[in-house]
Amino acid sequence: MSLIKLLLVHITIYLSMSAQASTQEYIFINIWDEYVQPTSLPAPSAPRVMLQPDINIDDASLEQFKAAYPSYGNIKVDKQNQLMLQFSVRQTPMRILVENGKVIQREQLSTATVASKEEKTNTPLKTLAGTPFSIETVNSQYRVLFFSDSLCPFQHIPACEMKIEMNNHLAAVSDYPVLTIIKPFYVDEQSAYAYQKRFNIKHDIVFDHHNEVFSTFDVRELPYWLVQDKQGKVVYRGNQPPSLD
């Protein structure tokens, strides 16, 4: 290879590497939202930086989140929201692609979708005791639904231990059938068994593998109660235990 051709090859490689190095991808998320509904992350388009807004956050909370969800291991706080302000990010989750200091792409990210009907058919829901379970069962059999998180106790779930105890008391004294539904994100069914043992749950528990029950009732807060009448109509929903008088 001639000296000129060799030089051109080196120049081409250098320019390619320089162009790649000048492009940066930023993902802005709020860890408190991620606990409830995780973001569906696209494949990286450039070296990726994960950022948490400098709002309602401290080092201990961030480390706790990273320990629970290793895929976010490189997340850091956007100190004083400098990058959010620089790139005009006003909501999360948001993906920003920056080249030479200028935003070339902006994408509002979506939350993880529930599984397809085919996947749901392949893995039918059941209670931890092994009883087959479906949305129709909820409407016809259970009157009180308690939506919870098997990661409790955890900072992102305020007063969860107290509310679980309240629900246990409710199940013990009420004539209405009570069901606990466990959020599936970032955990597996074994976490639901551990939750059952840790809090001495005596009523039925379902691990909502595909987020089917959470989506059907549009539950976005934890812990959370729903009460249905005999026809399956929701007559109460809230983050405080219902009165069943």
# chains A, B, ... in the order shown; residues from 1 in each chain; ligands from 1
$ select_by_dssp --residues "segment 53-193 of chain A" --states "helix (DSSP H, G or I)" --output "count of residues only"
53
$ residues_around --residues "Thr111 of chain A" --least-positions-apart "5" --cutoff "7 Å" --atoms "only C-alpha atoms" --output "list of chain:residue names"
A:Gln37, A:Pro38, A:Thr39, A:Ser40
$ closest_residue --among "A:Val36, A:Leu125, A:Ile29, A:Ala46" --to "Arg220 of chain A" --atoms "only C-alpha atoms"
A:Val36
$ residues_around --residues "Asp58 of chain A" --least-positions-apart "2" --cutoff "12 Å" --atoms "only C-alpha atoms" --output "mmCIF file with C-alpha atoms, in the first residue's frame"
data_model
loop_
_atom_site.group_PDB
_atom_site.id
_atom_site.type_symbol
_atom_site.label_atom_id
_atom_site.label_comp_id
_atom_site.auth_asym_id
_atom_site.auth_seq_id
_atom_site.Cartn_x
_atom_site.Cartn_y
_atom_site.Cartn_z
ATOM 1 C CA ILE A 31 -36.208 6.706 39.429
ATOM 2 C CA GLN A 52 -31.763 11.474 37.206
ATOM 3 C CA PRO A 53 -33.119 15.031 37.662
ATOM 4 C CA ASP A 54 -31.753 16.828 40.699
ATOM 5 C CA ILE A 55 -35.183 16.833 42.335
ATOM 6 C CA ASN A 56 -36.280 14.809 45.382
ATOM 7 C CA ALA A 60 -28.485 6.944 49.303
ATOM 8 C CA SER A 61 -31.696 6.712 47.256
ATOM 9 C CA LEU A 62 -29.769 6.611 44.000
ATOM 10 C CA GLU A 63 -27.433 3.883 45.257
ATOM 11 C CA GLN A 64 -30.401 1.889 46.512
ATOM 12 C CA PHE A 65 -32.020 2.123 43.069
ATOM 13 C CA LYS A 76 -26.033 9.742 37.996
ATOM 14 C CA VAL A 77 -27.737 12.919 39.176
ATOM 15 C CA ASP A 78 -27.904 15.841 36.758
ATOM 16 C CA LYS A 79 -26.517 18.314 39.298
ATOM 17 C CA GLN A 155 -37.786 4.029 50.359
#
$ residues_around --residues "Ala129 of chain A" --least-positions-apart "6" --cutoff "9 Å" --atoms "only C-alpha atoms" --output "compact mmCIF listing (two decimals) with C-alpha atoms, in the first residue's frame"
# COMPACT_ATOMS: atom_id res chain seq x y z
CA ASP A 204 -54.67 -15.11 48.26
CA ILE A 205 -51.75 -13.51 46.40
CA VAL A 206 -51.20 -13.26 42.65
$ closest_residue --among "A:Ala159, A:Ile164, A:Val138, A:Met50" --to "Leu179 of chain A" --atoms "only C-alpha atoms"
A:Val138
$ atom_distance --atom1 "atom CA of Gln80 of chain A" --atom2 "atom CA of Ala67 of chain A"
23.7 Å
$ select_by_dssp --residues "segment 104-218 of chain A" --states "strand (DSSP E or B)" --output "JSON, numbers by chain"
{"A": [104, 105, 106, 107, 108, 111, 126, 127, 132, 144, 145, 146, 147, 148, 178, 179, 180, 181, 182, 204, 205, 206, 207]}
$ write_last_selection --atoms "N, CA and C atoms" --output "PDB file, in the first residue's frame"
ATOM      1  N   ILE A 104     -29.618  16.795  18.095  1.00  0.00           N
ATOM      2  CA  ILE A 104     -30.003  16.384  16.741  1.00  0.00           C
ATOM      3  C   ILE A 104     -31.197  15.445  16.747  1.00  0.00           C
ATOM      4  N   GLN A 105     -31.549  14.921  17.931  1.00  0.00           N
ATOM      5  CA  GLN A 105     -32.728  14.061  18.025  1.00  0.00           C
ATOM      6  C   GLN A 105     -33.274  14.114  19.439  1.00  0.00           C
ATOM      7  N   ARG A 106     -34.599  14.155  19.530  1.00  0.00           N
ATOM      8  CA  ARG A 106     -35.295  14.204  20.815  1.00  0.00           C
ATOM      9  C   ARG A 106     -36.431  13.210  20.762  1.00  0.00           C
ATOM     10  N   GLU A 107     -36.513  12.338  21.776  1.00  0.00           N
ATOM     11  CA  GLU A 107     -37.535  11.283  21.756  1.00  0.00           C
ATOM     12  C   GLU A 107     -38.142  11.095  23.136  1.00  0.00           C
ATOM     13  N   GLN A 108     -39.446  11.230  23.222  1.00  0.00           N
ATOM     14  CA  GLN A 108     -40.159  10.913  24.454  1.00  0.00           C
ATOM     15  C   GLN A 108     -40.302   9.407  24.538  1.00  0.00           C
ATOM     16  N   THR A 111     -43.257   3.722  28.388  1.00  0.00           N
ATOM     17  CA  THR A 111     -43.059   2.735  29.445  1.00  0.00           C
ATOM     18  C   THR A 111     -43.169   1.343  28.856  1.00  0.00           C
ATOM     19  N   LYS A 126     -51.920 -17.463  38.137  1.00  0.00           N
ATOM     20  CA  LYS A 126     -52.449 -18.314  39.191  1.00  0.00           C
ATOM     21  C   LYS A 126     -52.082 -17.693  40.531  1.00  0.00           C
ATOM     22  N   THR A 127     -52.788 -18.077  41.569  1.00  0.00           N
ATOM     23  CA  THR A 127     -52.438 -17.616  42.903  1.00  0.00           C
ATOM     24  C   THR A 127     -51.185 -18.357  43.353  1.00  0.00           C
ATOM     25  N   PRO A 132     -55.826 -21.545  39.512  1.00  0.00           N
ATOM     26  CA  PRO A 132     -55.883 -20.760  38.269  1.00  0.00           C
ATOM     27  C   PRO A 132     -56.570 -19.422  38.505  1.00  0.00           C
ATOM     28  N   VAL A 144     -62.141  -7.107  47.428  1.00  0.00           N
ATOM     29  CA  VAL A 144     -61.115  -6.138  47.816  1.00  0.00           C
ATOM     30  C   VAL A 144     -59.800  -6.521  47.140  1.00  0.00           C
ATOM     31  N   LEU A 145     -59.249  -5.594  46.358  1.00  0.00           N
ATOM     32  CA  LEU A 145     -57.982  -5.824  45.669  1.00  0.00           C
ATOM     33  C   LEU A 145     -56.932  -4.898  46.271  1.00  0.00           C
ATOM     34  N   PHE A 146     -55.808  -5.478  46.674  1.00  0.00           N
ATOM     35  CA  PHE A 146     -54.715  -4.710  47.268  1.00  0.00           C
ATOM     36  C   PHE A 146     -53.494  -4.864  46.369  1.00  0.00           C
ATOM     37  N   PHE A 147     -53.072  -3.767  45.754  1.00  0.00           N
ATOM     38  CA  PHE A 147     -51.932  -3.774  44.833  1.00  0.00           C
ATOM     39  C   PHE A 147     -50.678  -3.383  45.610  1.00  0.00           C
ATOM     40  N   SER A 148     -49.667  -4.241  45.544  1.00  0.00           N
ATOM     41  CA  SER A 148     -48.492  -4.030  46.391  1.00  0.00           C
ATOM     42  C   SER A 148     -47.206  -4.354  45.631  1.00  0.00           C
ATOM     43  N   VAL A 178     -60.436 -10.967  49.975  1.00  0.00           N
ATOM     44  CA  VAL A 178     -59.352 -10.011  49.704  1.00  0.00           C
ATOM     45  C   VAL A 178     -58.278 -10.697  48.855  1.00  0.00           C
ATOM     46  N   LEU A 179     -57.741  -9.953  47.908  1.00  0.00           N
ATOM     47  CA  LEU A 179     -56.681 -10.455  47.048  1.00  0.00           C
ATOM     48  C   LEU A 179     -55.546  -9.441  46.988  1.00  0.00           C
ATOM     49  N   THR A 180     -54.305  -9.890  47.180  1.00  0.00           N
ATOM     50  CA  THR A 180     -53.138  -9.040  46.983  1.00  0.00           C
ATOM     51  C   THR A 180     -52.540  -9.338  45.609  1.00  0.00           C
ATOM     52  N   ILE A 181     -52.245  -8.288  44.847  1.00  0.00           N
ATOM     53  CA  ILE A 181     -51.626  -8.422  43.526  1.00  0.00           C
ATOM     54  C   ILE A 181     -50.244  -7.784  43.580  1.00  0.00           C
ATOM     55  N   ILE A 182     -49.216  -8.544  43.208  1.00  0.00           N
ATOM     56  CA  ILE A 182     -47.832  -8.091  43.299  1.00  0.00           C
ATOM     57  C   ILE A 182     -47.348  -7.588  41.939  1.00  0.00           C
ATOM     58  N   ASP A 204     -55.226 -14.786  49.570  1.00  0.00           N
ATOM     59  CA  ASP A 204     -54.675 -15.109  48.258  1.00  0.00           C
ATOM     60  C   ASP A 204     -53.761 -14.001  47.735  1.00  0.00           C
ATOM     61  N   ILE A 205     -52.692 -14.423  47.049  1.00  0.00           N
ATOM     62  CA  ILE A 205     -51.750 -13.508  46.403  1.00  0.00           C
ATOM     63  C   ILE A 205     -51.556 -13.959  44.955  1.00  0.00           C
ATOM     64  N   VAL A 206     -51.514 -12.989  44.055  1.00  0.00           N
ATOM     65  CA  VAL A 206     -51.204 -13.261  42.649  1.00  0.00           C
ATOM     66  C   VAL A 206     -49.998 -12.428  42.241  1.00  0.00           C
ATOM     67  N   PHE A 207     -49.024 -13.090  41.618  1.00  0.00           N
ATOM     68  CA  PHE A 207     -47.909 -12.361  41.015  1.00  0.00           C
ATOM     69  C   PHE A 207     -48.328 -12.039  39.585  1.00  0.00           C
TER      70      PHE A 207
END
$ closest_residue --among "A:Ser150, A:Ser22, A:Asn139, A:Ser71" --to "Arg198 of chain A" --atoms "only C-alpha atoms"
A:Ser150
$ atom_distance --atom1 "atom CA of Tyr26 of chain A" --atom2 "atom CA of Leu51 of chain A"
7.1 Å
$ atom_distance --atom1 "atom CA of Ala43 of chain A" --atom2 "atom CA of Val89 of chain A"
20.3 Å
$ closest_residue --among "A:Asn100, A:Thr92, A:Asn200, A:Ser243" --to "Glu161 of chain A" --atoms "only C-alpha atoms"
A:Asn200
$ closest_residue --among "A:Ile201, A:Val219, A:Leu151, A:Ile27" --to "Met166 of chain A" --atoms "only C-alpha atoms"
A:Ile201
